[in-house]
$ cat query_22.cif   # mmCIF, C-alpha atoms
data_upload
#
loop_
_atom_site.label_atom_id
_atom_site.label_comp_id
_atom_site.auth_asym_id
_atom_site.auth_seq_id
_atom_site.Cartn_x
_atom_site.Cartn_y
_atom_site.Cartn_z
CA MET B 1 16.92 -13.32 28.28
CA LYS B 2 20.57 -12.83 27.34
CA GLU B 3 21.75 -9.45 28.61
CA ASN B 4 23.12 -6.91 26.18
CA LYS B 5 25.22 -4.36 28.03
CA TYR B 6 24.67 -1.81 25.27
CA ARG B 7 20.89 -2.11 25.10
CA LEU B 8 18.70 0.22 27.13
CA TYR B 9 15.78 -2.04 27.92
CA PHE B 10 13.62 0.74 29.31
CA ILE B 11 13.62 2.20 25.79
CA ASP B 12 12.26 -1.07 24.41
CA ALA B 13 9.54 -0.95 27.07
CA MET B 14 8.74 2.63 26.03
CA ARG B 15 8.46 1.54 22.42
CA ALA B 16 6.14 -1.29 23.45
CA TRP B 17 3.93 1.14 25.36
CA ALA B 18 3.92 3.59 22.44
CA ILE B 19 3.02 0.99 19.81
CA LEU B 20 0.17 -0.37 21.95
CA MET B 21 -1.07 3.18 22.51
CA MET B 22 -0.92 3.72 18.77
CA LEU B 23 -2.88 0.53 18.05
CA GLN B 24 -5.75 1.35 20.35
CA GLY B 25 -5.58 5.03 19.39
CA HIS B 26 -5.93 4.36 15.67
CA PHE B 27 -8.67 1.79 16.24
CA ILE B 28 -10.78 3.95 18.53
CA ASP B 29 -10.24 7.18 16.58
CA GLY B 30 -11.14 5.49 13.30
CA LEU B 31 -14.19 3.55 14.43
CA LEU B 32 -15.81 5.38 17.36
CA ASP B 33 -19.12 7.04 16.52
CA PHE B 34 -18.95 10.86 16.52
CA GLU B 35 -21.82 10.89 19.00
CA TYR B 36 -19.40 9.88 21.76
CA ARG B 37 -16.53 12.23 20.86
CA ASP B 38 -17.20 14.82 23.51
CA ARG B 39 -14.32 16.29 25.53
CA ALA B 40 -16.84 17.12 28.24
CA ILE B 41 -16.85 13.38 28.95
CA PRO B 42 -13.88 12.83 31.35
CA ALA B 43 -13.02 9.37 30.00
CA TYR B 44 -12.85 10.62 26.40
CA ALA B 45 -10.90 13.74 27.39
CA ILE B 46 -8.29 11.67 29.28
CA TRP B 47 -8.03 9.15 26.43
CA SER B 48 -7.65 11.94 23.88
CA TYR B 49 -4.85 13.62 25.87
CA PHE B 50 -2.88 10.41 26.32
CA ARG B 51 -3.38 9.47 22.68
CA GLY B 52 -1.70 12.75 21.77
CA MET B 53 1.49 11.55 23.48
CA THR B 54 2.00 8.60 21.15
CA ALA B 55 3.55 10.30 18.10
CA PRO B 56 5.92 12.57 20.10
CA VAL B 57 7.14 9.53 22.05
CA PHE B 58 7.65 7.54 18.85
CA PHE B 59 9.67 10.23 17.11
CA THR B 60 11.75 11.04 20.20
CA VAL B 61 12.52 7.39 20.92
CA SER B 62 13.35 6.76 17.25
CA GLY B 63 15.85 9.61 17.26
CA PHE B 64 17.25 8.42 20.60
CA ILE B 65 17.76 4.78 19.56
CA PHE B 66 19.26 5.53 16.17
CA THR B 67 21.70 8.15 17.48
CA TYR B 68 22.63 6.03 20.50
CA LEU B 69 23.69 3.23 18.13
CA LEU B 70 25.25 5.66 15.64
CA ILE B 71 27.70 7.29 18.07
CA ARG B 72 28.40 4.21 20.19
CA GLY B 73 31.47 2.95 18.31
CA ASP B 74 34.91 4.42 17.74
CA LYS B 75 34.62 4.89 13.96
CA LYS B 76 33.58 8.33 12.74
CA GLY B 77 32.03 9.76 9.62
CA LEU B 78 31.57 7.53 6.59
CA LYS B 79 33.74 4.86 8.22
CA ASN B 80 30.99 4.30 10.78
CA PRO B 81 29.09 1.15 9.68
CA ARG B 82 25.92 2.57 11.26
CA VAL B 83 25.81 5.25 8.56
CA LYS B 84 25.26 2.71 5.79
CA LYS B 85 22.80 0.73 7.92
CA GLY B 86 20.94 3.93 8.79
CA ILE B 87 20.62 5.01 5.15
CA LYS B 88 19.31 1.57 4.27
CA ARG B 89 16.85 1.69 7.17
CA GLY B 90 15.63 5.17 6.31
CA LEU B 91 15.01 4.25 2.66
CA GLN B 92 13.33 1.01 3.76
CA LEU B 93 10.87 2.91 5.95
CA LEU B 94 10.07 5.27 3.07
CA LEU B 95 9.44 2.33 0.74
CA ILE B 96 7.24 0.51 3.26
CA GLY B 97 5.34 3.74 3.93
CA TYR B 98 4.41 4.01 0.25
CA LEU B 99 3.69 0.30 -0.16
CA LEU B 100 1.19 0.39 2.71
CA ARG B 101 -0.73 3.12 0.88
CA MET B 102 -0.79 1.19 -2.37
CA ASN B 103 -4.12 -0.06 -3.73
CA LEU B 104 -3.66 -3.04 -6.06
CA PHE B 105 -7.10 -2.66 -7.61
CA SER B 106 -6.37 0.91 -8.71
CA ILE B 107 -3.03 -0.14 -10.19
CA LEU B 108 -4.76 -2.88 -12.24
CA PHE B 109 -6.86 -0.15 -13.85
CA GLY B 110 -3.85 2.09 -14.40
CA GLU B 111 -4.75 4.59 -11.70
CA VAL B 112 -2.91 5.81 -8.62
CA PHE B 113 -5.02 7.39 -5.88
CA ASP B 114 -3.88 10.67 -4.32
CA SER B 115 -3.77 8.89 -0.95
CA PHE B 116 -0.74 6.93 -2.19
CA PHE B 117 1.30 10.13 -1.85
CA TYR B 118 0.08 11.02 1.64
CA VAL B 119 2.91 11.21 4.16
CA ASP B 120 2.56 9.23 7.38
CA VAL B 121 4.65 8.20 10.39
CA LEU B 122 6.97 5.80 8.54
CA HIS B 123 7.85 8.39 5.89
CA CYS B 124 8.70 10.98 8.53
CA ILE B 125 10.74 8.59 10.68
CA GLY B 126 12.60 7.41 7.57
CA PHE B 127 13.44 11.00 6.60
CA SER B 128 14.31 11.79 10.22
CA ILE B 129 16.89 9.00 10.23
CA LEU B 130 18.36 10.27 6.96
CA GLY B 131 18.36 13.80 8.38
CA LEU B 132 20.20 12.72 11.53
CA ILE B 133 22.78 10.93 9.39
CA GLY B 134 23.30 14.10 7.36
CA LEU B 135 23.81 16.20 10.49
CA TYR B 136 26.15 13.58 11.93
CA LEU B 137 28.30 13.53 8.78
CA LEU B 138 28.42 17.34 8.59
CA THR B 139 29.69 17.56 12.18
CA SER B 140 31.78 14.35 12.28
CA THR B 141 35.06 16.29 12.15
CA THR B 142 34.04 18.77 14.84
CA LYS B 143 33.71 18.46 18.60
CA PRO B 144 30.68 16.44 19.86
CA VAL B 145 29.21 19.60 21.41
CA VAL B 146 28.63 20.99 17.90
CA PHE B 147 26.42 18.03 16.91
CA SER B 148 24.42 18.16 20.14
CA SER B 149 24.02 21.96 19.97
CA ILE B 150 22.72 21.80 16.41
CA LEU B 151 20.23 19.07 17.37
CA VAL B 152 18.64 20.98 20.24
CA THR B 153 18.70 24.22 18.22
CA ILE B 154 16.76 22.55 15.39
CA THR B 155 14.14 21.37 17.89
CA ILE B 156 13.65 24.86 19.31
CA ILE B 157 13.53 26.55 15.89
CA LEU B 158 11.07 24.05 14.42
CA PHE B 159 8.77 24.33 17.44
CA ILE B 160 8.87 28.13 17.71
CA PHE B 161 8.30 28.79 14.02
CA GLU B 162 5.59 26.12 13.59
CA PRO B 163 2.72 28.67 13.56
CA THR B 164 4.43 30.40 10.62
CA TYR B 165 5.26 27.50 8.30
CA GLU B 166 2.19 25.44 9.28
CA LYS B 167 0.01 27.73 7.11
CA LEU B 168 2.11 27.27 3.96
CA THR B 169 0.70 24.93 1.28
CA HIS B 170 3.82 24.84 -0.98
CA ASP B 171 1.80 24.87 -4.20
CA TYR B 172 4.98 25.65 -6.16
CA ILE B 173 6.27 22.06 -5.90
CA PRO B 174 4.65 18.72 -6.87
CA ALA B 175 2.09 17.46 -4.33
CA ALA B 176 4.14 14.28 -3.71
CA LEU B 177 6.95 16.46 -2.33
CA ALA B 178 4.75 19.15 -0.80
CA ASN B 179 3.06 16.45 1.30
CA TYR B 180 6.23 16.23 3.39
CA LEU B 181 5.80 19.88 4.35
CA THR B 182 2.04 20.47 4.50
CA LYS B 183 -1.15 18.65 5.49
CA ALA B 184 -3.18 20.64 2.96
CA ASN B 185 -3.28 17.72 0.52
CA GLY B 186 -4.18 15.03 3.06
CA SER B 187 -0.90 14.03 4.73
CA VAL B 188 -1.25 12.72 8.28
CA PHE B 189 2.23 13.87 9.37
CA THR B 190 4.84 16.24 7.95
CA ILE B 191 8.60 16.17 8.38
CA ILE B 192 8.37 19.52 10.15
CA PRO B 193 7.79 19.97 13.06
CA TRP B 194 8.06 16.22 13.83
CA PHE B 195 11.75 16.08 12.97
CA GLY B 196 12.16 18.29 16.04
CA TYR B 197 11.24 15.42 18.33
CA ALA B 198 13.73 13.12 16.58
CA THR B 199 16.53 15.68 16.98
CA PHE B 200 15.71 16.10 20.65
CA GLY B 201 15.79 12.33 21.10
CA ALA B 202 19.18 12.31 19.39
CA PHE B 203 20.35 15.05 21.78
CA MET B 204 19.27 12.91 24.75
CA ALA B 205 21.12 9.92 23.31
CA ILE B 206 24.35 11.94 23.17
CA LEU B 207 23.95 12.86 26.84
CA PHE B 208 23.26 9.23 27.80
CA THR B 209 26.34 8.08 25.88
CA LYS B 210 28.56 10.78 27.36
CA TYR B 211 27.57 10.01 30.97
CA LYS B 212 26.94 6.26 30.66
CA ALA B 213 29.69 5.48 33.19
CA TYR B 214 28.31 7.93 35.76
CA LYS B 215 27.12 5.98 38.83
CA LYS B 216 24.10 8.20 39.39
CA LEU B 217 23.16 8.39 35.72
CA TYR B 218 19.56 7.28 36.16
CA THR B 219 18.97 9.24 39.35
CA THR B 220 20.18 12.41 37.66
CA ALA B 221 18.40 11.67 34.38
CA ILE B 222 15.09 11.01 36.16
CA LEU B 223 15.39 14.27 38.11
CA ILE B 224 16.29 16.35 35.04
CA CYS B 225 13.59 14.79 32.84
CA SER B 226 10.96 15.31 35.55
CA VAL B 227 11.88 18.94 36.26
CA VAL B 228 12.29 19.97 32.62
CA GLY B 229 9.19 18.01 31.63
CA LEU B 230 7.01 19.69 34.26
CA PHE B 231 8.41 23.09 33.31
CA LEU B 232 7.60 22.56 29.62
CA ILE B 233 4.05 21.46 30.46
CA PHE B 234 3.20 24.17 32.98
CA GLY B 235 5.84 26.86 32.54
CA SER B 236 6.70 27.18 28.86
CA SER B 237 3.50 29.05 27.89
CA PRO B 238 3.81 31.60 30.75
CA LEU B 239 7.50 32.07 29.83
CA PHE B 240 6.68 32.85 26.20
CA ALA B 241 3.91 35.21 27.33
CA LEU B 242 6.36 36.94 29.70
CA ILE B 243 8.91 37.36 26.90
CA CYS B 244 6.23 39.00 24.76
CA ASP B 245 5.29 41.37 27.60
CA VAL B 246 8.89 42.33 28.35
CA THR B 247 9.93 42.83 24.73
CA GLY B 248 6.65 44.34 23.56
CA SER B 249 6.64 41.91 20.64
CA ASN B 250 3.81 39.55 19.70
CA PHE B 251 6.13 37.19 17.83
CA LEU B 252 5.64 34.36 20.36
CA GLU B 253 1.92 34.87 20.85
CA PRO B 254 0.93 32.15 18.32
CA VAL B 255 3.29 29.79 20.16
CA TYR B 256 1.94 30.17 23.68
CA THR B 257 -1.71 30.32 22.55
CA ASN B 258 -1.34 26.88 20.91
CA ASN B 259 1.69 25.51 22.70
CA TYR B 260 1.18 21.81 21.95
CA LEU B 261 4.72 21.06 20.72
CA PHE B 262 6.62 22.13 23.85
CA ILE B 263 3.91 20.70 26.14
CA ARG B 264 4.06 17.36 24.34
CA LEU B 265 7.85 17.39 24.67
CA GLY B 266 7.29 17.82 28.40
CA ASP B 267 4.97 14.79 28.32
CA VAL B 268 7.70 12.81 26.56
CA LEU B 269 10.27 13.71 29.23
CA LEU B 270 7.89 12.66 32.00
CA ILE B 271 7.30 9.34 30.25
CA PHE B 272 11.07 8.89 29.97
CA SER B 273 11.40 9.49 33.72
CA ILE B 274 8.58 7.04 34.54
CA PHE B 275 10.08 4.25 32.45
CA MET B 276 13.53 4.90 33.90
CA ILE B 277 12.06 4.64 37.41
CA LEU B 278 10.36 1.35 36.48
CA ARG B 279 13.30 -0.02 34.47
CA SER B 280 13.90 -2.89 36.91
CA TYR B 281 10.28 -4.03 36.70
CA ILE B 282 9.56 -3.80 32.97
CA ASN B 283 12.12 -6.25 31.59
CA ASN B 284 9.48 -8.87 30.82
CA LYS B 285 10.49 -10.85 27.74
CA VAL B 286 7.17 -10.33 25.94
CA ILE B 287 7.15 -6.56 26.60
CA LEU B 288 10.70 -6.20 25.28
CA LYS B 289 9.89 -8.34 22.23
CA ILE B 290 6.96 -6.09 21.43
CA GLY B 291 9.23 -3.05 21.72
CA GLN B 292 11.77 -4.66 19.40
CA ASN B 293 9.17 -5.47 16.73
CA THR B 294 7.32 -2.17 16.38
CA LEU B 295 7.79 -2.00 12.60
CA ALA B 296 6.18 -5.41 12.04
CA ILE B 297 3.32 -4.47 14.39
CA TYR B 298 2.82 -1.18 12.55
CA VAL B 299 2.68 -2.89 9.14
CA ILE B 300 0.26 -5.59 10.33
CA HIS B 301 -2.03 -3.09 12.07
CA PHE B 302 -2.10 -0.88 8.95
CA ILE B 303 -3.13 -3.80 6.75
CA ILE B 304 -5.86 -5.00 9.13
CA LEU B 305 -7.27 -1.61 10.08
CA TYR B 306 -6.89 0.45 6.90
CA GLY B 307 -6.85 -2.34 4.31
CA SER B 308 -3.50 -1.80 2.63
CA PHE B 309 -3.37 -3.20 -0.93
CA THR B 310 -7.13 -3.94 -1.05
CA GLY B 311 -8.81 -1.06 0.80
CA LEU B 312 -10.86 -3.64 2.70
CA GLY B 313 -9.92 -3.06 6.33
CA PHE B 314 -11.96 -2.49 9.48
CA TYR B 315 -11.92 1.21 8.66
CA HIS B 316 -13.78 0.54 5.42
CA PHE B 317 -16.59 -1.41 7.09
CA PHE B 318 -16.94 0.23 10.53
CA LYS B 319 -15.73 3.82 10.07
CA TYR B 320 -17.14 6.08 12.83
CA SER B 321 -19.91 3.58 13.64
CA LEU B 322 -19.09 1.76 16.90
CA SER B 323 -20.28 2.43 20.44
CA PRO B 324 -17.78 2.88 23.32
CA ILE B 325 -18.24 -0.72 24.55
CA GLN B 326 -17.81 -2.13 21.06
CA VAL B 327 -14.78 -0.02 20.30
CA ILE B 328 -13.06 -0.81 23.63
CA ILE B 329 -13.51 -4.57 23.21
CA GLY B 330 -12.48 -4.29 19.57
CA ALA B 331 -9.37 -2.27 20.44
CA ILE B 332 -8.24 -4.88 22.97
CA LEU B 333 -8.72 -7.73 20.49
CA PHE B 334 -7.02 -5.66 17.78
CA MET B 335 -3.96 -5.04 19.99
CA VAL B 336 -3.70 -8.71 20.90
CA ALA B 337 -4.08 -9.88 17.29
CA SER B 338 -1.60 -7.37 15.82
CA THR B 339 1.10 -8.05 18.42
CA TYR B 340 0.58 -11.82 18.29
CA LEU B 341 0.95 -11.90 14.51
CA ALA B 342 4.05 -9.68 14.69
CA LEU B 343 5.71 -11.86 17.31
CA LEU B 344 4.76 -14.95 15.31
CA TYR B 345 6.44 -13.40 12.28
CA ASP B 346 9.52 -12.58 14.38
CA LYS B 347 9.73 -16.20 15.50
CA HIS B 348 9.61 -17.56 11.94
CA GLU B 349 11.24 -14.61 10.17
CA LEU B 350 14.14 -16.56 8.68
CA LYS B 351 11.85 -19.27 7.26
CA ILE B 352 9.46 -16.70 5.83
CA LYS B 353 12.26 -14.69 4.19
CA SER B 354 13.73 -17.91 2.78
CA LYS B 355 10.40 -18.82 1.18
CA ILE B 356 10.01 -15.30 -0.20
CA GLU B 357 13.46 -15.51 -1.80
CA LYS B 358 12.56 -18.88 -3.35
CA PHE B 359 9.32 -17.43 -4.68
CA LYS B 360 11.18 -14.46 -6.17
CA SER B 361 13.71 -16.77 -7.83
CA ALA B 362 10.97 -19.00 -9.26
CA THR B 363 9.08 -15.95 -10.54
CA LEU B 364 12.19 -14.58 -12.26
CA LYS B 365 12.83 -17.95 -13.92
CA LEU B 366 9.27 -18.07 -15.23
CA PHE B 367 9.58 -14.51 -16.50
CA ARG B 368 12.80 -15.31 -18.33
CA LEU B 369 11.29 -18.47 -19.87
CA ALA B 370 8.22 -16.55 -21.00
CA LYS B 371 10.46 -13.84 -22.47
CA ASN B 372 12.48 -16.37 -24.44
#
$ encode --input "query_22.cif" --output "structure tokens"
Amino acid sequence: MKENKYRLYFIDAMRAWAILMMLQGHFIDGLLDFEYRDRAIPAYAIWSYFRGMTAPVFFTVSGFIFTYLLIRGDKKGLKNPRVKKGIKRGLQLLLIGYLLRMNLFSILFGEVFDSFFYVDVLHCIGFSILGLIGLYLLTSTTKPVVFSSILVTITIILFIFEPTYEKLTHDYIPAALANYLTKANGSVFTIIPWFGYATFGAFMAILFTKYKAYKKLYTTAILICSVVGLFLIFGSSPLFALICDVTGSNFLEPVYTNNYLFIRLGDVLLIFSIFMILRSYINNKVILKIGQNTLAIYVIHFIILYGSFTGLGFYHFFKYSLSPIQVIIGAILFMVASTYLALLYDKHELKIKSKIEKFKSATLKLFRLAKN
């Protein structure tokens, strides 16, 4: 594989791990019979905990990669070509997110299901990219420390105030917009608090860029990620409880009694440290290719599992009906099939896009002829 001095290959490996975790997580969660969903079963409890790491890793890595590329060059503000590319990418993810929830049969009958407006991972990552661009442009004429400070401050604020805004349903705005802020209508994800992971990933990217020439970059980064990660997992809740005791205020009580956001951020940092430790051993071409094609894998898995466009996916036929053995074998085959098809698409992407363009041109010609 041709080396790219700017590419952090351990990040691609992390993305590969996260997308595979997402594939098996969605498959098992959607098809496993409720009879076997018992946290008293060690295997299920361990699986459930690790599955909970997937989304935080995805959002953090997305923020990291985008910001790392955004601030890499010398051009600032609107002159930075990554701004235009980022806006295009963010809007593309939003469009794909809605397309995947489209049901062609309902459209034929002039109906749009409420599920079309549900917000999912792609919507939130798309908005996160647009949000990071906005923050970058607002601080482009200031010192870099301003941008990084705002990023980490947003993470802390969103995580601390989550118990407060999580209860709001935002009935005063249309459901299509409210779905970005509340799960009350059926959304899977919301832009808050998940944007907090993207901003923290962006903050990490700034640090990596600033100290990229430091000889002991990885040694230091591994140590910091490990220490901070372990503290967030085991020490953040006691710290919030201590603050409440000292101040006599119960403001942070809802945070430390359900402290999943800071704990998951600790998990993310530990995963970062593990992949940095293993960076010399995880540069396999296939692994990196998987990490570089997560969008294609996501789209393919959504179509196969949830039946985008037709509603006829595995979820429709086998929802909550499989035994552990069936679901494990199925998840493995599902991961292999989804990644294989995505890599096959990557290999023939130019040919496929060329044929799509020809089809679009032919369709437009026919439309014009019919119109005349």
$ resolve_selection --input "query_22.cif" --expression "the PyMOL selection byres ((chain B and resi 314) around 12)" --output "short mmCIF file (atom, residue, chain, number, x, y, z; two decimals) with C-alpha atoms, keeping the file's coordinate frame"
data_model
loop_
_atom_site.label_atom_id
_atom_site.label_comp_id
_atom_site.auth_asym_id
_atom_site.auth_seq_id
_atom_site.Cartn_x
_atom_site.Cartn_y
_atom_site.Cartn_z
CA HIS B 26 -5.93 4.36 15.67
CA PHE B 27 -8.67 1.79 16.24
CA ILE B 28 -10.78 3.95 18.53
CA GLY B 30 -11.14 5.49 13.30
CA LEU B 31 -14.19 3.55 14.43
CA LEU B 32 -15.81 5.38 17.36
CA HIS B 301 -2.03 -3.09 12.07
CA PHE B 302 -2.10 -0.88 8.95
CA ILE B 303 -3.13 -3.80 6.75
CA ILE B 304 -5.86 -5.00 9.13
CA LEU B 305 -7.27 -1.61 10.08
CA TYR B 306 -6.89 0.45 6.90
CA GLY B 307 -6.85 -2.34 4.31
CA SER B 308 -3.50 -1.80 2.63
CA THR B 310 -7.13 -3.94 -1.05
CA GLY B 311 -8.81 -1.06 0.80
CA LEU B 312 -10.86 -3.64 2.70
CA GLY B 313 -9.92 -3.06 6.33
CA TYR B 315 -11.92 1.21 8.66
CA HIS B 316 -13.78 0.54 5.42
CA PHE B 317 -16.59 -1.41 7.09
CA PHE B 318 -16.94 0.23 10.53
CA LYS B 319 -15.73 3.82 10.07
CA TYR B 320 -17.14 6.08 12.83
CA SER B 321 -19.91 3.58 13.64
CA LEU B 322 -19.09 1.76 16.90
CA VAL B 327 -14.78 -0.02 20.30
CA GLY B 330 -12.48 -4.29 19.57
CA ALA B 331 -9.37 -2.27 20.44
CA PHE B 334 -7.02 -5.66 17.78
#
$ resolve_selection --input "query_22.cif" --expression "the PyMOL selection byres ((chain B and resi 131) around 12)" --output "ChimeraX atom specification"
/B:63,66-67,83,86-87,90-91,124-130,132-138,151,154,191-192,194-196,198-199,202
$ resolve_selection --input "query_22.cif" --expression "the PyMOL selection byres ((chain B and resi 77) around 6)" --output "number ranges by chain"
B: 76, 78-80, 137, 140
$ axis_aligned_box --input "query_22.cif" --around "range 333-351 of chain B" --padding-each-side "3 Å" --output "lines of an AutoDock Vina configuration file"
center_x = 2.7
center_y = -12.2
center_z = 14.1
size_x = 28.9
size_y = 20.2
size_z = 19.6
$ closest_residue --input "query_22.cif" --among "B:Phe309, B:Phe231, B:Tyr340, B:Tyr180" --to "Leu108 in chain B" --atoms "all atoms listed in the file"
B:Phe309
$ closest_atom_pairs --input "query_22.cif" --of "range 163-236 of chain B" --to "range 269-272 of chain B" --cutoff "8 Å" --atoms "all atoms listed in the file" --output "JSON lines"
{"residue": "B:Ile222", "atom": "CA", "partner": "B:Phe272", "partner_atom": "CA", "distance": 7.7}
{"residue": "B:Cys225", "atom": "CA", "partner": "B:Leu269", "partner_atom": "CA", "distance": 5.0}
{"residue": "B:Ser226", "atom": "CA", "partner": "B:Leu270", "partner_atom": "CA", "distance": 5.4}
{"residue": "B:Val228", "atom": "CA", "partner": "B:Leu269", "partner_atom": "CA", "distance": 7.4}
{"residue": "B:Gly229", "atom": "CA", "partner": "B:Leu269", "partner_atom": "CA", "distance": 5.0}
{"residue": "B:Leu230", "atom": "CA", "partner": "B:Leu270", "partner_atom": "CA", "distance": 7.4}
$ atom_distance --input "query_22.cif" --atom1 "CA of Phe10 in chain B" --atom2 "CA of Ile65 in chain B"
11.3 Å
$ atom_distance --input "query_22.cif" --atom1 "CA of Ala205 in chain B" --atom2 "CA of Leu69 in chain B"
8.8 Å
$ build_atoms --input "query_22.cif" --residues "range 111-125 of chain B" --atoms "N, CA, C and O atoms" --output "mmCIF file, in the coordinates of the input"
data_model
loop_
_atom_site.group_PDB
_atom_site.id
_atom_site.type_symbol
_atom_site.label_atom_id
_atom_site.label_comp_id
_atom_site.auth_asym_id
_atom_site.auth_seq_id
_atom_site.Cartn_x
_atom_site.Cartn_y
_atom_site.Cartn_z
ATOM 1 N N GLU B 111 -4.489 3.369 -12.450
ATOM 2 C CA GLU B 111 -4.750 4.590 -11.700
ATOM 3 C C GLU B 111 -4.043 4.561 -10.361
ATOM 4 O O GLU B 111 -3.945 3.501 -9.727
ATOM 5 N N VAL B 112 -3.537 5.686 -9.938
ATOM 6 C CA VAL B 112 -2.910 5.810 -8.620
ATOM 7 C C VAL B 112 -3.672 6.857 -7.833
ATOM 8 O O VAL B 112 -3.761 8.019 -8.247
ATOM 9 N N PHE B 113 -4.250 6.451 -6.705
ATOM 10 C CA PHE B 113 -5.020 7.390 -5.880
ATOM 11 C C PHE B 113 -4.099 8.431 -5.250
ATOM 12 O O PHE B 113 -2.923 8.165 -4.981
ATOM 13 N N ASP B 114 -4.652 9.608 -4.979
ATOM 14 C CA ASP B 114 -3.880 10.670 -4.320
ATOM 15 C C ASP B 114 -3.382 10.225 -2.954
ATOM 16 O O ASP B 114 -2.324 10.671 -2.495
ATOM 17 N N SER B 115 -4.141 9.345 -2.291
ATOM 18 C CA SER B 115 -3.770 8.890 -0.950
ATOM 19 C C SER B 115 -2.444 8.132 -0.945
ATOM 20 O O SER B 115 -1.801 8.013 0.102
ATOM 21 N N PHE B 116 -2.020 7.627 -2.108
ATOM 22 C CA PHE B 116 -0.740 6.930 -2.190
ATOM 23 C C PHE B 116 0.412 7.853 -1.817
ATOM 24 O O PHE B 116 1.434 7.422 -1.281
ATOM 25 N N PHE B 117 0.237 9.160 -2.089
ATOM 26 C CA PHE B 117 1.300 10.130 -1.850
ATOM 27 C C PHE B 117 1.186 10.820 -0.498
ATOM 28 O O PHE B 117 1.991 11.701 -0.196
ATOM 29 N N TYR B 118 0.189 10.437 0.305
ATOM 30 C CA TYR B 118 0.080 11.020 1.640
ATOM 31 C C TYR B 118 1.261 10.585 2.493
ATOM 32 O O TYR B 118 1.690 9.427 2.439
ATOM 33 N N VAL B 119 1.759 11.501 3.296
ATOM 34 C CA VAL B 119 2.910 11.210 4.160
ATOM 35 C C VAL B 119 2.413 10.822 5.549
ATOM 36 O O VAL B 119 1.549 11.477 6.120
ATOM 37 N N ASP B 120 2.975 9.742 6.072
ATOM 38 C CA ASP B 120 2.560 9.230 7.380
ATOM 39 C C ASP B 120 3.785 9.055 8.276
ATOM 40 O O ASP B 120 4.882 9.486 7.934
ATOM 41 N N VAL B 121 3.593 8.366 9.393
ATOM 42 C CA VAL B 121 4.650 8.200 10.390
ATOM 43 C C VAL B 121 5.921 7.589 9.804
ATOM 44 O O VAL B 121 7.031 8.086 10.045
ATOM 45 N N LEU B 122 5.779 6.494 9.056
ATOM 46 C CA LEU B 122 6.970 5.800 8.540
ATOM 47 C C LEU B 122 7.785 6.692 7.617
ATOM 48 O O LEU B 122 9.024 6.669 7.662
ATOM 49 N N HIS B 123 7.113 7.473 6.771
ATOM 50 C CA HIS B 123 7.850 8.390 5.890
ATOM 51 C C HIS B 123 8.678 9.375 6.708
ATOM 52 O O HIS B 123 9.860 9.611 6.421
ATOM 53 N N CYS B 124 8.033 9.947 7.730
ATOM 54 C CA CYS B 124 8.700 10.980 8.530
ATOM 55 C C CYS B 124 9.847 10.402 9.364
ATOM 56 O O CYS B 124 10.897 11.039 9.502
ATOM 57 N N ILE B 125 9.655 9.209 9.913
ATOM 58 C CA ILE B 125 10.740 8.590 10.680
ATOM 59 C C ILE B 125 11.887 8.223 9.745
ATOM 60 O O ILE B 125 13.065 8.395 10.089
#
